[in-house]
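*Asks:* Attaching a single structure in structure tokens format; questions to follow.
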Amino acid sequence: MSSVDLNDEQLLRYSRQILLSDIDLEGQQRLAASRVLVLGMGGLGSPVAMYLAGAGVGQLVLVDPDVVEISNLHRQFLHSNQSLGELKVESARQTLSARNPDVELITFSERLDETALLEQIKLADVVVDGTDNFATRVMVNKACVAMRTPLIYGAVVGLEGQASVFRSDRDDSPCYNCLYADLDKARSDEQPQSSFENCSGQGVLGPVAGIIGCIQATEAIKVLLELGDSLQGRLLMLDARAMSFRSFVLTRDPQCSVCGASK
């Protein structure tokens with residue numbers, strides 16, 4: 001990944017971030033040269049896009065075919081009453097442009113077919129999955145593995161959430177498809193994971209989506225900068241009722257139909 005020079009206004013805008021020794025000027029320049037694909041402008045995509053734009057990621061590619069509805073507003077704070085009936089990507093463009101005009105915003109207001117999805121994932125440095133259904137996640141994961149592009153995963157249902165990082169650019173990393181084989185071994189009967197597989201249309205507490213989206217944004221920045229230890233090989237689970245986090249180790253399934261040796 002290359003880097004770009006920053007002007008005086010940008011140096012001031014990101015000054016508190018540049019002060020971090022883990023980022024510094026070089027890291028901020030790398031962020032400015034980065035391209036992130038964000039799928040979904042809903043409860044997860046809202047904090048993801050807001051924080052990545054605020055952090056100075058140079059290009060954000062935003063994908064969502066839906067329009068803003070009033071039932072979205074309690075958790076999807078990219079949008080407002082004035083956005084009702086608008087395409088979510090256009091509402092997001094307005095909000096993010098006002099927040100940081102330096103970020104280049106590329107929007108798709110339709111579902112990407114397999115060819116278009118592969119092309120956008122190939123162009124991206126990182127993909128953030130903020131979608132809300134199992135079928136789309138499976139398709140995105142398969143495309144990320146094919147293009148060897150890091151995938152930042154998140155999901156929320158009710159007062160629970162989970163997040164992980166799948167590094168298909170690394171030979172030792174599991175993928176999303178491996179996740180369920182590991183959870184079958186680790187989960188207890190009273191905590192089934194099926195609700196996370198198809199969470200579209202289910203209830204959710206707004207701040208829980210915000211917490212998981214913030215984790216996704218943080219992990220995306222860490223991957224872009226190779227900063228610290230990511231959630232690769234771990235599934236982080238949030239139970240907001242008890243405000244507790246648990247972490248499960250994930251391993252790559254050698255028989256995985258997507259990333260395994262036999263694929």
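Chains: A, B, ... in order of the structure tokens. Residues: from 1 per chain. Ligands: from 1, in order shown.
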Enumerate the residues of stretch 88-253 of chain A with a DSSP assignment of helix (DSSP H, G or I), computed from the backbone, and present them as a PyMOL selection string.
*Replies:* chain A and resi 88-99+114-123+134-147+176-186+194-197+206-225
*Asks:* If you count only C-alpha atoms, which residues fall within 10 Å of A:Ile70, apart from same-chain ones fewer than 4 positions away, as a ChimeraX atom specification?
*Replies:* /A:74,76,79-81,83-85
*Asks:* Please build the interface table for stretch 88-204 of chain A against stretch 229-249 of chain A with a cut-off of 10 Å, listing for each qualifying residue the nearest atom pair and the distance in Å to one decimal; count only C-alpha atoms, order rows by chain and increasing number, and write it as a tab-separated table.
*Replies:*
residue	atom	partner	partner_atom	distance
A:Pro150	CA	A:Gln232	CA	9.6
A:Leu151	CA	A:Gln232	CA	9.7
A:Ile152	CA	A:Leu231	CA	8.9
A:Tyr153	CA	A:Leu235	CA	9.5
A:Gly154	CA	A:Leu236	CA	9.4
A:Ala155	CA	A:Met237	CA	9.7
A:Val156	CA	A:Leu238	CA	9.1
A:Gly158	CA	A:Ala240	CA	9.0
A:Leu159	CA	A:Ala240	CA	5.2
A:Glu160	CA	A:Asp239	CA	4.8
A:Gly161	CA	A:Leu238	CA	5.0
A:Gln162	CA	A:Met237	CA	4.4
A:Ala163	CA	A:Leu236	CA	5.3
A:Ser164	CA	A:Leu235	CA	5.0
A:Val165	CA	A:Gln232	CA	4.6
A:Phe166	CA	A:Gln232	CA	5.7
A:Arg167	CA	A:Gln232	CA	6.6
A:Ser168	CA	A:Gln232	CA	10.0
A:Arg170	CA	A:Gln232	CA	9.9
A:Asp172	CA	A:Gly233	CA	8.6
A:Ser173	CA	A:Gly233	CA	6.2
A:Pro174	CA	A:Gly233	CA	6.4
A:Cys175	CA	A:Gly233	CA	8.9
A:Leu179	CA	A:Leu235	CA	8.3
A:Asp182	CA	A:Val249	CA	8.1
A:Leu183	CA	A:Phe248	CA	8.2
A:Ala186	CA	A:Phe248	CA	7.6
A:Arg187	CA	A:Phe248	CA	9.2
*Asks:* Using the selection just defined, write its residues with N, CA and C atoms as a PDB file, in the first residue's frame.
*Replies:*
ATOM      1  N   PRO A 150      -8.820  -9.023   3.181  1.00  0.00           N
ATOM      2  CA  PRO A 150      -9.287  -9.138   4.566  1.00  0.00           C
ATOM      3  C   PRO A 150     -10.750  -8.733   4.712  1.00  0.00           C
ATOM      4  N   LEU A 151     -11.476  -9.490   5.540  1.00  0.00           N
ATOM      5  CA  LEU A 151     -12.902  -9.272   5.766  1.00  0.00           C
ATOM      6  C   LEU A 151     -13.148  -9.019   7.245  1.00  0.00           C
ATOM      7  N   ILE A 152     -13.824  -7.909   7.543  1.00  0.00           N
ATOM      8  CA  ILE A 152     -14.190  -7.567   8.917  1.00  0.00           C
ATOM      9  C   ILE A 152     -15.667  -7.898   9.104  1.00  0.00           C
ATOM     10  N   TYR A 153     -15.941  -8.861   9.957  1.00  0.00           N
ATOM     11  CA  TYR A 153     -17.300  -9.388  10.137  1.00  0.00           C
ATOM     12  C   TYR A 153     -17.932  -8.845  11.414  1.00  0.00           C
ATOM     13  N   GLY A 154     -19.242  -8.594  11.340  1.00  0.00           N
ATOM     14  CA  GLY A 154     -19.998  -8.222  12.523  1.00  0.00           C
ATOM     15  C   GLY A 154     -21.455  -8.613  12.352  1.00  0.00           C
ATOM     16  N   ALA A 155     -22.138  -8.873  13.463  1.00  0.00           N
ATOM     17  CA  ALA A 155     -23.566  -9.192  13.427  1.00  0.00           C
ATOM     18  C   ALA A 155     -24.177  -8.842  14.776  1.00  0.00           C
ATOM     19  N   VAL A 156     -25.452  -8.448  14.746  1.00  0.00           N
ATOM     20  CA  VAL A 156     -26.174  -8.138  15.983  1.00  0.00           C
ATOM     21  C   VAL A 156     -27.585  -8.686  15.909  1.00  0.00           C
ATOM     22  N   GLY A 158     -30.972  -8.544  18.826  1.00  0.00           N
ATOM     23  CA  GLY A 158     -31.439  -8.247  20.170  1.00  0.00           C
ATOM     24  C   GLY A 158     -30.416  -7.455  20.964  1.00  0.00           C
ATOM     25  N   LEU A 159     -29.948  -8.039  22.064  1.00  0.00           N
ATOM     26  CA  LEU A 159     -28.932  -7.420  22.907  1.00  0.00           C
ATOM     27  C   LEU A 159     -27.602  -8.165  22.811  1.00  0.00           C
ATOM     28  N   GLU A 160     -27.395  -8.867  21.714  1.00  0.00           N
ATOM     29  CA  GLU A 160     -26.171  -9.632  21.534  1.00  0.00           C
ATOM     30  C   GLU A 160     -25.501  -9.256  20.218  1.00  0.00           C
ATOM     31  N   GLY A 161     -24.194  -9.390  20.187  1.00  0.00           N
ATOM     32  CA  GLY A 161     -23.448  -9.103  18.972  1.00  0.00           C
ATOM     33  C   GLY A 161     -22.186  -9.931  18.915  1.00  0.00           C
ATOM     34  N   GLN A 162     -21.598  -9.990  17.727  1.00  0.00           N
ATOM     35  CA  GLN A 162     -20.344 -10.709  17.555  1.00  0.00           C
ATOM     36  C   GLN A 162     -19.533 -10.063  16.451  1.00  0.00           C
ATOM     37  N   ALA A 163     -18.218 -10.269  16.512  1.00  0.00           N
ATOM     38  CA  ALA A 163     -17.318  -9.686  15.518  1.00  0.00           C
ATOM     39  C   ALA A 163     -16.089 -10.574  15.370  1.00  0.00           C
ATOM     40  N   SER A 164     -15.508 -10.551  14.173  1.00  0.00           N
ATOM     41  CA  SER A 164     -14.272 -11.278  13.924  1.00  0.00           C
ATOM     42  C   SER A 164     -13.581 -10.673  12.709  1.00  0.00           C
ATOM     43  N   VAL A 165     -12.370 -11.135  12.446  1.00  0.00           N
ATOM     44  CA  VAL A 165     -11.590 -10.708  11.281  1.00  0.00           C
ATOM     45  C   VAL A 165     -11.123 -11.954  10.551  1.00  0.00           C
ATOM     46  N   PHE A 166     -11.414 -12.020   9.278  1.00  0.00           N
ATOM     47  CA  PHE A 166     -11.011 -13.161   8.456  1.00  0.00           C
ATOM     48  C   PHE A 166      -9.967 -12.689   7.445  1.00  0.00           C
ATOM     49  N   ARG A 167      -8.730 -13.181   7.602  1.00  0.00           N
ATOM     50  CA  ARG A 167      -7.609 -12.735   6.776  1.00  0.00           C
ATOM     51  C   ARG A 167      -7.302 -13.780   5.708  1.00  0.00           C
ATOM     52  N   SER A 168      -8.048 -13.770   4.630  1.00  0.00           N
ATOM     53  CA  SER A 168      -7.792 -14.730   3.563  1.00  0.00           C
ATOM     54  C   SER A 168      -6.490 -14.460   2.833  1.00  0.00           C
ATOM     55  N   ARG A 170      -3.829 -14.457   4.457  1.00  0.00           N
ATOM     56  CA  ARG A 170      -2.886 -15.214   5.280  1.00  0.00           C
ATOM     57  C   ARG A 170      -3.305 -16.678   5.286  1.00  0.00           C
ATOM     58  N   ASP A 172      -2.960 -19.001   7.422  1.00  0.00           N
ATOM     59  CA  ASP A 172      -3.368 -19.640   8.666  1.00  0.00           C
ATOM     60  C   ASP A 172      -4.731 -19.170   9.166  1.00  0.00           C
ATOM     61  N   SER A 173      -5.389 -18.273   8.449  1.00  0.00           N
ATOM     62  CA  SER A 173      -6.622 -17.680   8.957  1.00  0.00           C
ATOM     63  C   SER A 173      -7.845 -18.477   8.549  1.00  0.00           C
ATOM     64  N   PRO A 174      -8.780 -18.695   9.478  1.00  0.00           N
ATOM     65  CA  PRO A 174     -10.068 -19.265   9.090  1.00  0.00           C
ATOM     66  C   PRO A 174     -10.876 -18.243   8.296  1.00  0.00           C
ATOM     67  N   CYS A 175     -11.938 -18.692   7.639  1.00  0.00           N
ATOM     68  CA  CYS A 175     -12.854 -17.788   6.958  1.00  0.00           C
ATOM     69  C   CYS A 175     -14.218 -17.863   7.635  1.00  0.00           C
ATOM     70  N   LEU A 179     -16.319 -20.633  10.560  1.00  0.00           N
ATOM     71  CA  LEU A 179     -16.827 -20.182  11.855  1.00  0.00           C
ATOM     72  C   LEU A 179     -17.805 -21.168  12.461  1.00  0.00           C
ATOM     73  N   ASP A 182     -16.439 -24.383  14.082  1.00  0.00           N
ATOM     74  CA  ASP A 182     -15.850 -24.157  15.399  1.00  0.00           C
ATOM     75  C   ASP A 182     -16.910 -23.880  16.458  1.00  0.00           C
ATOM     76  N   LEU A 183     -17.938 -23.116  16.110  1.00  0.00           N
ATOM     77  CA  LEU A 183     -18.968 -22.815  17.091  1.00  0.00           C
ATOM     78  C   LEU A 183     -19.759 -24.055  17.483  1.00  0.00           C
ATOM     79  N   ALA A 186     -17.926 -25.324  20.315  1.00  0.00           N
ATOM     80  CA  ALA A 186     -17.729 -24.493  21.496  1.00  0.00           C
ATOM     81  C   ALA A 186     -19.015 -24.030  22.169  1.00  0.00           C
ATOM     82  N   ARG A 187     -20.108 -23.864  21.399  1.00  0.00           N
ATOM     83  CA  ARG A 187     -21.278 -23.218  21.987  1.00  0.00           C
ATOM     84  C   ARG A 187     -22.052 -24.182  22.882  1.00  0.00           C
TER      85      ARG A 187
END
*Asks:* So that I can check the surroundings of A:Glu9, please list as a list in words every protein, DNA and RNA residue that reaches within 12 Å of it, counting only C-alpha atoms and ignoring chain neighbours fewer than 4 positions away.
*Replies:*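 In the requested form, the answer reads Asp5, Arg13, Tyr14, Ser15, Asn100, Pro101 and Asp102 of chain A.
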*Asks:* Hey, can you spit out that residue selection with C-alpha atoms as a compact mmCIF listing (two decimals), in the first residue's frame?
*Replies:*
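See again.txt below for the written result:
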# COMPACT_ATOMS: atom_id res chain seq x y z
CA ASP A 5 1.00 13.61 1.37
CA ARG A 13 -7.83 17.46 11.39
CA TYR A 14 -6.04 14.21 12.24
CA SER A 15 -3.60 15.67 14.78
CA ASN A 100 -15.05 14.94 6.13
CA PRO A 101 -15.01 16.39 2.59
CA ASP A 102 -11.53 14.92 1.96
*Asks:* Leaving out A:Leu60 and any residue of its chain fewer than 2 positions from it, which residues lie within 10 Å of it when counting only C-alpha atoms, given as a PyMOL selection string?
*Replies:* chain A and resi 34-38+49+52-53+56-58+62-63+93+96+103-107+124
*Asks:* Go ahead and compute the interatomic distance for atom CA of A:Gln10 and atom CA of A:Leu39, in Å to one decimal.
*Replies:* 26.7 Å
*Asks:* Using Å and a single decimal, report how far atom CA of A:Ser46 sits from atom CA of A:Leu78.
*Replies:* 5.3 Å
